[in-house]
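Undergrad: Coordinates in data_20.cif, mmCIF, C-alpha atoms, are listed below.
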```cif
data_work
loop_
_atom_site.label_atom_id
_atom_site.label_comp_id
_atom_site.auth_asym_id
_atom_site.auth_seq_id
_atom_site.Cartn_x
_atom_site.Cartn_y
_atom_site.Cartn_z
CA MET A 1 241.49 204.99 -59.84
CA LYS A 2 244.71 205.08 -61.81
CA LYS A 3 244.78 203.93 -65.39
CA SER A 4 245.26 200.19 -65.44
CA GLN A 5 248.12 198.57 -67.30
CA ARG A 6 245.57 196.24 -68.92
CA LEU A 7 242.18 196.76 -70.48
CA LEU A 8 239.34 195.84 -68.18
CA SER A 9 236.96 193.08 -69.19
CA ASP A 10 233.37 194.02 -70.02
CA SER A 11 232.28 192.62 -66.67
CA GLU A 12 234.86 194.72 -64.82
CA LEU A 13 233.98 197.81 -66.86
CA LYS A 14 230.27 197.43 -66.12
CA THR A 15 230.97 197.06 -62.40
CA LEU A 16 233.13 200.19 -62.46
CA LEU A 17 230.70 202.27 -64.53
CA ASP A 18 227.70 201.23 -62.44
CA LYS A 19 229.56 202.13 -59.26
CA TYR A 20 230.32 205.65 -60.45
CA TYR A 21 226.89 206.09 -62.04
CA HIS A 22 225.26 205.48 -58.66
CA LEU A 23 227.82 207.72 -56.96
CA TYR A 24 227.18 210.75 -59.18
CA ASN A 25 223.60 210.34 -60.42
CA THR A 26 221.99 211.75 -57.28
CA ASN A 27 220.02 214.88 -56.46
CA ARG A 28 223.15 216.23 -54.75
CA PHE A 29 224.46 216.71 -58.29
CA ILE A 30 221.74 219.23 -59.22
CA GLU A 31 222.67 222.41 -57.37
CA SER A 32 226.21 222.57 -58.78
CA ASP A 33 225.24 221.73 -62.37
CA PRO A 34 223.50 223.74 -65.15
CA VAL A 35 220.53 221.34 -64.81
CA PHE A 36 219.76 223.36 -61.67
CA ILE A 37 218.22 226.06 -63.90
CA PRO A 38 215.35 224.01 -65.40
CA HIS A 39 214.77 222.46 -61.98
CA HIS A 40 213.20 225.78 -61.03
CA PHE A 41 210.18 224.88 -63.17
CA THR A 42 207.43 222.26 -63.37
CA LYS A 43 205.62 223.07 -66.64
CA THR A 44 206.95 221.12 -69.62
CA GLU A 45 207.41 224.17 -71.85
CA ASP A 46 209.22 226.11 -69.12
CA ILE A 47 211.58 223.17 -68.54
CA GLU A 48 212.26 222.87 -72.27
CA ILE A 49 213.05 226.55 -72.73
CA SER A 50 215.05 227.10 -69.54
CA GLY A 51 216.91 223.86 -70.21
CA LEU A 52 217.89 224.94 -73.71
CA PHE A 53 219.29 228.24 -72.44
CA ALA A 54 221.08 226.47 -69.58
CA ALA A 55 222.66 223.93 -71.92
CA THR A 56 223.65 226.65 -74.40
CA LEU A 57 225.49 228.54 -71.65
CA ALA A 58 227.14 225.36 -70.34
CA TRP A 59 230.77 226.08 -70.91
CA GLY A 60 233.12 227.70 -68.43
CA GLN A 61 232.81 227.77 -64.65
CA ARG A 62 229.62 226.12 -63.45
CA PRO A 63 228.78 228.82 -60.83
CA THR A 64 228.94 231.44 -63.60
CA ILE A 65 226.81 229.31 -65.92
CA ILE A 66 224.14 228.99 -63.23
CA LYS A 67 224.30 232.68 -62.32
CA ASN A 68 223.87 233.80 -65.92
CA GLY A 69 221.20 231.22 -66.68
CA LEU A 70 219.14 232.35 -63.71
CA LYS A 71 219.61 235.96 -64.81
CA LEU A 72 217.98 235.11 -68.14
CA MET A 73 215.10 233.40 -66.36
CA GLN A 74 214.66 236.43 -64.07
CA TRP A 75 214.51 238.70 -67.13
CA MET A 76 211.81 236.37 -68.50
CA ASP A 77 209.89 236.89 -65.23
CA TYR A 78 210.49 233.22 -64.33
CA ASP A 79 207.79 232.44 -66.90
CA PRO A 80 209.84 231.61 -70.00
CA TYR A 81 207.09 229.98 -72.07
CA ASN A 82 204.71 232.91 -71.74
CA PHE A 83 207.58 235.32 -72.28
CA ILE A 84 208.63 233.59 -75.51
CA LEU A 85 205.07 233.81 -76.88
CA GLN A 86 203.88 237.12 -75.49
CA HIS A 87 206.84 239.47 -75.06
CA SER A 88 206.78 242.98 -76.48
CA ALA A 89 209.63 244.70 -78.30
CA ALA A 90 210.25 246.79 -75.18
CA ASP A 91 210.65 243.61 -73.10
CA LEU A 92 213.64 242.58 -75.22
CA THR A 93 215.81 245.61 -74.45
CA ARG A 94 216.82 244.15 -71.08
CA PHE A 95 218.80 241.42 -72.86
CA LEU A 96 220.95 243.68 -75.01
CA ASN A 97 223.86 243.87 -72.58
CA PHE A 98 223.85 240.19 -71.67
CA ALA A 99 227.12 238.34 -72.13
CA HIS A 100 228.30 234.85 -71.27
CA ARG A 101 231.60 234.16 -72.95
CA THR A 102 230.73 234.49 -76.67
CA PHE A 103 226.95 234.19 -76.17
CA ASN A 104 225.68 237.76 -76.06
CA GLY A 105 222.49 239.81 -76.16
CA VAL A 106 222.08 239.46 -79.92
CA ASP A 107 222.25 235.69 -79.53
CA VAL A 108 219.62 235.74 -76.77
CA LEU A 109 217.27 237.72 -79.01
CA ASN A 110 217.81 235.30 -81.89
CA PHE A 111 217.09 232.34 -79.61
CA ILE A 112 213.89 234.01 -78.38
CA SER A 113 212.82 234.57 -81.99
CA GLY A 114 213.69 230.99 -82.97
CA LEU A 115 211.81 229.55 -80.01
CA ASN A 116 208.78 231.72 -80.74
CA HIS A 117 208.80 230.26 -84.25
CA ILE A 118 209.03 226.67 -82.98
CA TYR A 119 206.30 227.03 -80.35
CA ASN A 120 203.94 228.64 -82.81
CA GLN A 121 204.56 225.89 -85.37
CA GLU A 122 205.26 222.75 -83.33
CA LYS A 123 203.75 223.58 -79.90
CA SER A 124 206.90 222.29 -78.19
CA ILE A 125 210.53 221.40 -78.81
CA GLY A 126 209.71 217.86 -77.77
CA ASN A 127 207.08 217.55 -80.51
CA LEU A 128 209.64 218.60 -83.09
CA PHE A 129 212.08 215.87 -82.05
CA TYR A 130 209.31 213.28 -81.72
CA GLU A 131 207.94 213.94 -85.21
CA TYR A 132 211.39 213.60 -86.75
CA LEU A 133 212.49 210.54 -84.80
CA LYS A 134 209.28 208.52 -85.07
CA SER A 135 210.35 207.32 -88.52
CA ASP A 136 213.97 206.55 -87.54
CA GLN A 137 214.91 206.60 -83.87
CA ASN A 138 218.57 206.06 -84.72
CA ASP A 139 218.94 209.34 -86.62
CA LEU A 140 219.61 211.71 -83.74
CA ALA A 141 222.05 213.72 -85.84
CA GLY A 142 219.28 214.36 -88.36
CA ALA A 143 216.85 215.31 -85.60
CA ILE A 144 219.29 217.82 -84.13
CA GLY A 145 219.92 219.21 -87.61
CA TYR A 146 216.15 219.54 -88.13
CA PHE A 147 215.80 221.41 -84.82
CA ARG A 148 218.74 223.62 -85.72
CA ASN A 149 217.22 224.54 -89.08
CA LYS A 150 213.91 225.45 -87.43
CA MET A 151 215.66 227.65 -84.90
CA ILE A 152 217.85 229.55 -87.33
CA GLU A 153 215.02 230.29 -89.79
CA ARG A 154 214.25 233.41 -87.76
CA PHE A 155 217.80 234.39 -86.83
CA THR A 156 218.70 237.89 -87.96
CA HIS A 157 222.44 237.53 -87.32
CA GLN A 158 224.69 234.83 -88.75
CA ARG A 159 226.87 234.83 -85.64
CA SER A 160 224.15 233.15 -83.54
CA LYS A 161 224.12 229.98 -85.67
CA LYS A 162 227.40 228.85 -84.12
CA HIS A 163 225.65 228.42 -80.78
CA ILE A 164 223.56 225.52 -82.13
CA ALA A 165 225.96 222.73 -83.03
CA ASN A 166 225.39 220.70 -86.19
CA PRO A 167 226.27 216.99 -85.93
CA LEU A 168 225.50 216.67 -89.65
CA ALA A 169 228.73 218.65 -90.07
CA ASN A 170 230.40 216.23 -87.59
CA ALA A 171 230.20 218.54 -84.56
CA SER A 172 230.08 216.65 -81.27
CA ALA A 173 227.05 218.73 -80.17
CA LYS A 174 228.00 218.16 -76.54
CA ARG A 175 225.63 220.72 -75.06
CA LEU A 176 222.67 219.59 -77.16
CA CYS A 177 223.31 215.95 -76.26
CA MET A 178 223.31 216.98 -72.60
CA TYR A 179 220.08 218.94 -73.10
CA LEU A 180 218.45 215.95 -74.76
CA ARG A 181 219.57 213.74 -71.88
CA TRP A 182 217.76 216.08 -69.50
CA MET A 183 214.56 216.07 -71.55
CA VAL A 184 214.36 212.39 -72.54
CA ARG A 185 215.98 210.24 -69.88
CA LYS A 186 213.62 208.88 -67.20
CA ASP A 187 215.67 209.24 -64.04
CA LYS A 188 214.38 207.77 -60.79
CA PHE A 189 217.00 209.79 -58.92
CA GLY A 190 215.51 213.10 -60.11
CA VAL A 191 218.36 214.68 -62.07
CA ASP A 192 217.01 214.23 -65.60
CA PHE A 193 213.37 215.11 -66.32
CA GLY A 194 212.18 212.49 -68.83
CA ILE A 195 209.35 214.74 -70.06
CA TRP A 196 209.54 213.75 -73.74
CA ASN A 197 207.87 210.65 -75.12
CA LEU A 198 211.05 209.13 -76.49
CA PRO A 199 213.11 206.15 -75.27
CA SER A 200 216.51 206.79 -73.69
CA SER A 201 218.05 204.56 -76.34
CA VAL A 202 217.78 207.42 -78.89
CA LEU A 203 220.27 209.50 -76.90
CA ARG A 204 223.98 209.96 -77.50
CA CYS A 205 226.56 210.47 -74.76
CA PRO A 206 227.66 214.10 -74.36
CA LEU A 207 231.36 214.23 -75.22
CA ASP A 208 233.39 216.89 -73.44
CA VAL A 209 236.95 216.98 -72.17
CA HIS A 210 236.02 214.99 -69.08
CA THR A 211 233.98 212.19 -70.66
CA ALA A 212 236.49 211.95 -73.50
CA ARG A 213 239.44 211.60 -71.12
CA ALA A 214 237.78 208.90 -69.03
CA SER A 215 236.48 207.06 -72.11
CA ARG A 216 239.90 206.85 -73.71
CA GLN A 217 241.61 205.72 -70.54
CA LEU A 218 239.02 202.99 -70.04
CA GLY A 219 239.36 201.79 -73.62
CA LEU A 220 235.84 202.89 -74.58
CA LEU A 221 237.04 205.34 -77.22
CA SER A 222 240.12 205.19 -79.41
CA ARG A 223 239.23 207.95 -81.88
CA GLU A 224 241.36 211.02 -81.17
CA GLN A 225 238.94 213.70 -82.36
CA ASN A 226 236.04 214.82 -80.17
CA ASP A 227 233.47 214.85 -82.98
CA TRP A 228 230.13 213.22 -83.84
CA LYS A 229 231.83 210.06 -85.07
CA ALA A 230 233.45 209.74 -81.65
CA VAL A 231 230.07 210.35 -79.98
CA GLU A 232 228.54 207.49 -81.96
CA ILE A 233 231.44 205.15 -81.20
CA LEU A 234 231.36 205.89 -77.49
CA THR A 235 227.59 205.48 -77.26
CA GLU A 236 227.72 202.15 -79.11
CA ASN A 237 230.35 200.92 -76.68
CA LEU A 238 228.27 202.04 -73.70
CA LYS A 239 225.32 200.04 -75.07
CA ARG A 240 227.27 196.91 -74.16
CA PHE A 241 226.52 197.72 -70.53
CA ASP A 242 222.97 199.07 -70.87
CA ALA A 243 221.37 198.94 -74.32
CA ASP A 244 218.25 200.79 -73.19
CA ASP A 245 219.96 203.61 -71.29
CA PRO A 246 223.63 203.88 -72.33
CA VAL A 247 223.82 207.62 -71.65
CA LYS A 248 223.35 207.11 -67.92
CA TYR A 249 227.10 206.45 -67.89
CA ASP A 250 227.69 210.12 -68.75
CA PHE A 251 227.45 210.67 -64.98
CA ALA A 252 230.12 208.06 -64.32
CA LEU A 253 232.59 209.20 -66.99
CA PHE A 254 232.18 212.89 -66.21
CA GLY A 255 232.37 212.42 -62.45
CA MET A 256 235.38 210.14 -62.32
CA SER A 257 237.36 212.47 -64.61
CA LEU A 258 236.27 215.76 -63.02
CA ASN A 259 237.18 214.50 -59.56
CA LYS A 260 240.40 212.88 -60.77
CA ASP A 261 239.31 209.36 -59.89
CA ILE A 262 240.90 208.40 -63.21
CA TYR A 263 243.98 209.98 -64.77
#
```
Go through the file and emit its structure as structure tokens.
TA:
Amino acid sequence: MKKSQRLLSDSELKTLLDKYYHLYNTNRFIESDPVFIPHHFTKTEDIEISGLFAATLAWGQRPTIIKNGLKLMQWMDYDPYNFILQHSAADLTRFLNFAHRTFNGVDVLNFISGLNHIYNQEKSIGNLFYEYLKSDQNDLAGAIGYFRNKMIERFTHQRSKKHIANPLANASAKRLCMYLRWMVRKDKFGVDFGIWNLPSSVLRCPLDVHTARASRQLGLLSREQNDWKAVEILTENLKRFDADDPVKYDFALFGMSLNKDIY
């Protein structure tokens, strides 16, 4: 679809977004996407942990993301929850030479330490988000900031903090928003897991180059910066078409831009 010379009406936009949502939100999407990594697991804690690593690695070529994410799971014996809680110091040496773009072995070790801290204190990542959001379900930025602070308490290297975005500093937190979509959104088509006891309405749309491009061309986003303010604006606009599950349109925006259905 080429960019129209006029803005579409809300009715036309909803028809278009629903069409592309149903086109891309299918289980055919899984094998070529980082969400393929947590789909190797069935236990909630394993899905949480593998999903966080998959989302953290999610920049660059998707085959490389999947390859490196599965490598981490292999090194955790495909039992990430037990590995996080029960690993020995000797078990950690295998990660020292890991590298995915700027995420390296030191970062992996810091994430393992941070996750060990969270699971010993909160029992799960989902519990941490639930406890924060139960008093204000609209404060996702605060919830992400709370999670970030818990993770970095045990970090031994400053460099690893950059791999957990902070929307309280106006970062778009694209990868964390995607991760939260996986964990929270109840998806009858089987892509997202919906394993956390939170409504989909708490989510924010992941904003990357693809969703941003499609959103601006469709008149859903006028802000030029890809930051948290833009994330909030886009999500509010998507609520016009589904107030309970606005982030489902991430599939539509991402897919139509990636496959050049809009340009």
Undergrad: On this structure, the PyMOL selection byres ((chain A and resi 205) around 9) would catch which residues? List them as an mmCIF file with C-alpha atoms, in the frame of the given file, sorted by chain and number.
TA:
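Wrote it out as selection-v9.cif, contents follow:
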```cif
data_model
loop_
_atom_site.group_PDB
_atom_site.id
_atom_site.type_symbol
_atom_site.label_atom_id
_atom_site.label_comp_id
_atom_site.auth_asym_id
_atom_site.auth_seq_id
_atom_site.Cartn_x
_atom_site.Cartn_y
_atom_site.Cartn_z
ATOM 1 C CA LYS A 174 228.000 218.160 -76.540
ATOM 2 C CA CYS A 177 223.310 215.950 -76.260
ATOM 3 C CA MET A 178 223.310 216.980 -72.600
ATOM 4 C CA ARG A 181 219.570 213.740 -71.880
ATOM 5 C CA LEU A 203 220.270 209.500 -76.900
ATOM 6 C CA ARG A 204 223.980 209.960 -77.500
ATOM 7 C CA PRO A 206 227.660 214.100 -74.360
ATOM 8 C CA LEU A 207 231.360 214.230 -75.220
ATOM 9 C CA THR A 211 233.980 212.190 -70.660
ATOM 10 C CA VAL A 231 230.070 210.350 -79.980
ATOM 11 C CA GLU A 232 228.540 207.490 -81.960
ATOM 12 C CA LEU A 234 231.360 205.890 -77.490
ATOM 13 C CA THR A 235 227.590 205.480 -77.260
ATOM 14 C CA LEU A 238 228.270 202.040 -73.700
ATOM 15 C CA PRO A 246 223.630 203.880 -72.330
ATOM 16 C CA VAL A 247 223.820 207.620 -71.650
ATOM 17 C CA LYS A 248 223.350 207.110 -67.920
ATOM 18 C CA TYR A 249 227.100 206.450 -67.890
ATOM 19 C CA ASP A 250 227.690 210.120 -68.750
#
```
Undergrad: Can you list what the PyMOL selection byres ((chain A and resi 51-64) around 8) grabs from this structure, as a PyMOL selection string?
TA: chain A and resi 32-35+37-38+47-50+65-69+100+103+163-164+175-176+178-179+182
Undergrad: Run through the PyMOL selection byres ((chain A and resi 201) around 7) on the given coordinates and return the selected residues as a list in words.
TA: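 Applying the expression gives Pro199, Ser200, Val202, Leu203, Ala243, Asp244, Asp245 and Pro246 of chain A.
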Undergrad: Within 12 Å of region 80-89 of chain A, counting only C-alpha atoms, which residues qualify if same-chain residues fewer than 6 places away don't, as a PyMOL selection string?
TA: chain A and resi 37-38+40-53+69-74+95-96+108-121+123-125
Undergrad: Report, in Å to a single decimal, how far apart CA of Glu153 (chain A) and CA of Thr93 (chain A) are.
TA: 21.7 Å
Undergrad: Identify which of the residues A:Val184, A:Asp107, A:Asp192, A:Gln137 lies closest to Lys161 (chain A), counting only C-alpha atoms when measuring atom-to-atom distances.
TA: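 Among the listed residues, the smallest separation from Lys161 (chain A) belongs to A:Asp107.
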Undergrad: Could you tell me how far CA of Phe251 (chain A) sits from CA of Thr26 (chain A), in Å to one decimal place?
TA: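 It comes out at 9.5 Å.
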Undergrad: For CA of Glu236 (chain A) and CA of Ala141 (chain A), quote the distance in Å rounded to one decimal.
TA: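 Here the two named atoms are 14.5 Å from each other.
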Undergrad: Applying 12 Å and all atoms listed in the file, which residues near Ser222 (chain A) remain after dropping the ones on its own chain fewer than 3 positions away? List them as a PyMOL selection string.
TA: chain A and resi 212-219+225-226+229-231+233-234+237
Undergrad: May I have the selected residues written with C-alpha atoms, as a CSV table (one decimal), keeping the file's coordinate frame?
TA:
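Saved result, result_3.csv, follows:
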```
chain,number,residue,atom,x,y,z
A,212,ALA,CA,236.5,212.0,-73.5
A,213,ARG,CA,239.4,211.6,-71.1
A,214,ALA,CA,237.8,208.9,-69.0
A,215,SER,CA,236.5,207.1,-72.1
A,216,ARG,CA,239.9,206.8,-73.7
A,217,GLN,CA,241.6,205.7,-70.5
A,218,LEU,CA,239.0,203.0,-70.0
A,219,GLY,CA,239.4,201.8,-73.6
A,225,GLN,CA,238.9,213.7,-82.4
A,226,ASN,CA,236.0,214.8,-80.2
A,229,LYS,CA,231.8,210.1,-85.1
A,230,ALA,CA,233.4,209.7,-81.6
A,231,VAL,CA,230.1,210.4,-80.0
A,233,ILE,CA,231.4,205.2,-81.2
A,234,LEU,CA,231.4,205.9,-77.5
A,237,ASN,CA,230.4,200.9,-76.7
```
Undergrad: Will you model all heavy atoms for region 177-188 of chain A and pass it back as a CSV table (one decimal), in the frame of the given file?
TA:
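Saved to rebuild-v5.csv:
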```csv
chain,number,residue,atom,x,y,z
A,177,CYS,N,223.5,217.3,-76.8
A,177,CYS,CA,223.3,216.0,-76.3
A,177,CYS,C,223.0,215.9,-74.8
A,177,CYS,O,222.2,215.1,-74.3
A,177,CYS,CB,224.6,215.1,-76.5
A,177,CYS,SG,224.8,214.7,-78.3
A,178,MET,N,223.6,216.9,-74.0
A,178,MET,CA,223.3,217.0,-72.6
A,178,MET,C,221.9,217.4,-72.4
A,178,MET,O,221.1,216.9,-71.6
A,178,MET,CB,224.3,218.0,-71.9
A,178,MET,CG,224.1,218.2,-70.5
A,178,MET,SD,225.2,219.3,-69.7
A,178,MET,CE,224.7,220.9,-70.5
A,179,TYR,N,221.5,218.4,-73.2
A,179,TYR,CA,220.1,218.9,-73.1
A,179,TYR,C,219.1,217.8,-73.4
A,179,TYR,O,218.1,217.6,-72.7
A,179,TYR,CB,219.9,220.1,-74.1
A,179,TYR,CG,218.5,220.5,-74.3
A,179,TYR,CD1,217.8,221.2,-73.3
A,179,TYR,CD2,217.8,220.4,-75.5
A,179,TYR,CE1,216.5,221.6,-73.4
A,179,TYR,CE2,216.5,220.8,-75.7
A,179,TYR,CZ,215.9,221.4,-74.7
A,179,TYR,OH,214.6,221.9,-74.8
A,180,LEU,N,219.3,217.0,-74.4
A,180,LEU,CA,218.4,216.0,-74.8
A,180,LEU,C,218.4,214.9,-73.7
A,180,LEU,O,217.4,214.3,-73.4
A,180,LEU,CB,218.8,215.3,-76.1
A,180,LEU,CG,218.7,216.3,-77.3
A,180,LEU,CD1,219.3,215.6,-78.6
A,180,LEU,CD2,217.2,216.6,-77.5
A,181,ARG,N,219.6,214.7,-73.0
A,181,ARG,CA,219.6,213.7,-71.9
A,181,ARG,C,218.6,214.2,-70.8
A,181,ARG,O,217.8,213.5,-70.2
A,181,ARG,CB,221.0,213.6,-71.3
A,181,ARG,CG,221.2,212.4,-70.4
A,181,ARG,CD,222.4,212.7,-69.5
A,181,ARG,NE,222.0,213.5,-68.3
A,181,ARG,CZ,222.9,214.3,-67.6
A,181,ARG,NH1,224.2,214.3,-68.0
A,181,ARG,NH2,222.5,214.9,-66.6
A,182,TRP,N,218.7,215.5,-70.5
A,182,TRP,CA,217.8,216.1,-69.5
A,182,TRP,C,216.3,215.9,-69.9
A,182,TRP,O,215.5,215.5,-69.0
A,182,TRP,CB,218.0,217.6,-69.4
A,182,TRP,CG,219.3,218.0,-68.9
A,182,TRP,CD1,220.3,217.2,-68.3
A,182,TRP,CD2,219.8,219.3,-68.9
A,182,TRP,NE1,221.4,218.0,-67.9
A,182,TRP,CE2,221.1,219.3,-68.3
A,182,TRP,CE3,219.3,220.6,-69.4
A,182,TRP,CZ2,221.9,220.5,-68.2
A,182,TRP,CZ3,220.1,221.7,-69.2
A,182,TRP,CH2,221.4,221.6,-68.7
A,183,MET,N,216.0,216.1,-71.1
A,183,MET,CA,214.6,216.1,-71.6
A,183,MET,C,214.0,214.7,-71.7
A,183,MET,O,212.8,214.4,-71.5
A,183,MET,CB,214.4,216.8,-72.9
A,183,MET,CG,214.8,218.3,-72.9
A,183,MET,SD,213.8,219.3,-71.7
A,183,MET,CE,215.0,219.6,-70.4
A,184,VAL,N,214.8,213.7,-72.1
A,184,VAL,CA,214.4,212.4,-72.5
A,184,VAL,C,214.5,211.4,-71.4
A,184,VAL,O,213.6,210.5,-71.2
A,184,VAL,CB,215.1,211.9,-73.8
A,184,VAL,CG1,214.8,210.5,-74.1
A,184,VAL,CG2,214.8,212.8,-75.0
A,185,ARG,N,215.6,211.4,-70.8
A,185,ARG,CA,216.0,210.2,-69.9
A,185,ARG,C,215.1,210.2,-68.6
A,185,ARG,O,215.0,211.2,-67.9
A,185,ARG,CB,217.4,210.4,-69.5
A,185,ARG,CG,218.0,209.1,-68.8
A,185,ARG,CD,219.5,209.2,-68.5
A,185,ARG,NE,219.7,208.1,-67.6
A,185,ARG,CZ,219.7,208.2,-66.3
A,185,ARG,NH1,219.5,209.4,-65.8
A,185,ARG,NH2,219.9,207.1,-65.6
A,186,LYS,N,214.4,209.1,-68.4
A,186,LYS,CA,213.6,208.9,-67.2
A,186,LYS,C,214.5,208.5,-66.1
A,186,LYS,O,215.2,207.4,-66.1
A,186,LYS,CB,212.6,207.8,-67.4
A,186,LYS,CG,211.3,208.2,-68.1
A,186,LYS,CD,211.6,208.5,-69.6
A,186,LYS,CE,210.2,208.8,-70.3
A,186,LYS,NZ,210.5,209.3,-71.7
A,187,ASP,N,214.7,209.4,-65.1
A,187,ASP,CA,215.7,209.2,-64.0
A,187,ASP,C,215.0,209.1,-62.7
A,187,ASP,O,214.5,210.1,-62.2
A,187,ASP,CB,216.6,210.4,-64.1
A,187,ASP,CG,217.7,210.4,-63.0
A,187,ASP,OD1,217.9,209.3,-62.4
A,187,ASP,OD2,218.4,211.4,-62.8
A,188,LYS,N,215.0,208.0,-62.1
A,188,LYS,CA,214.4,207.8,-60.8
A,188,LYS,C,215.1,208.6,-59.7
A,188,LYS,O,214.5,208.7,-58.6
A,188,LYS,CB,214.3,206.3,-60.4
A,188,LYS,CG,215.7,205.6,-60.2
A,188,LYS,CD,215.5,204.1,-59.9
A,188,LYS,CE,216.9,203.5,-59.7
A,188,LYS,NZ,216.7,202.0,-59.4
```
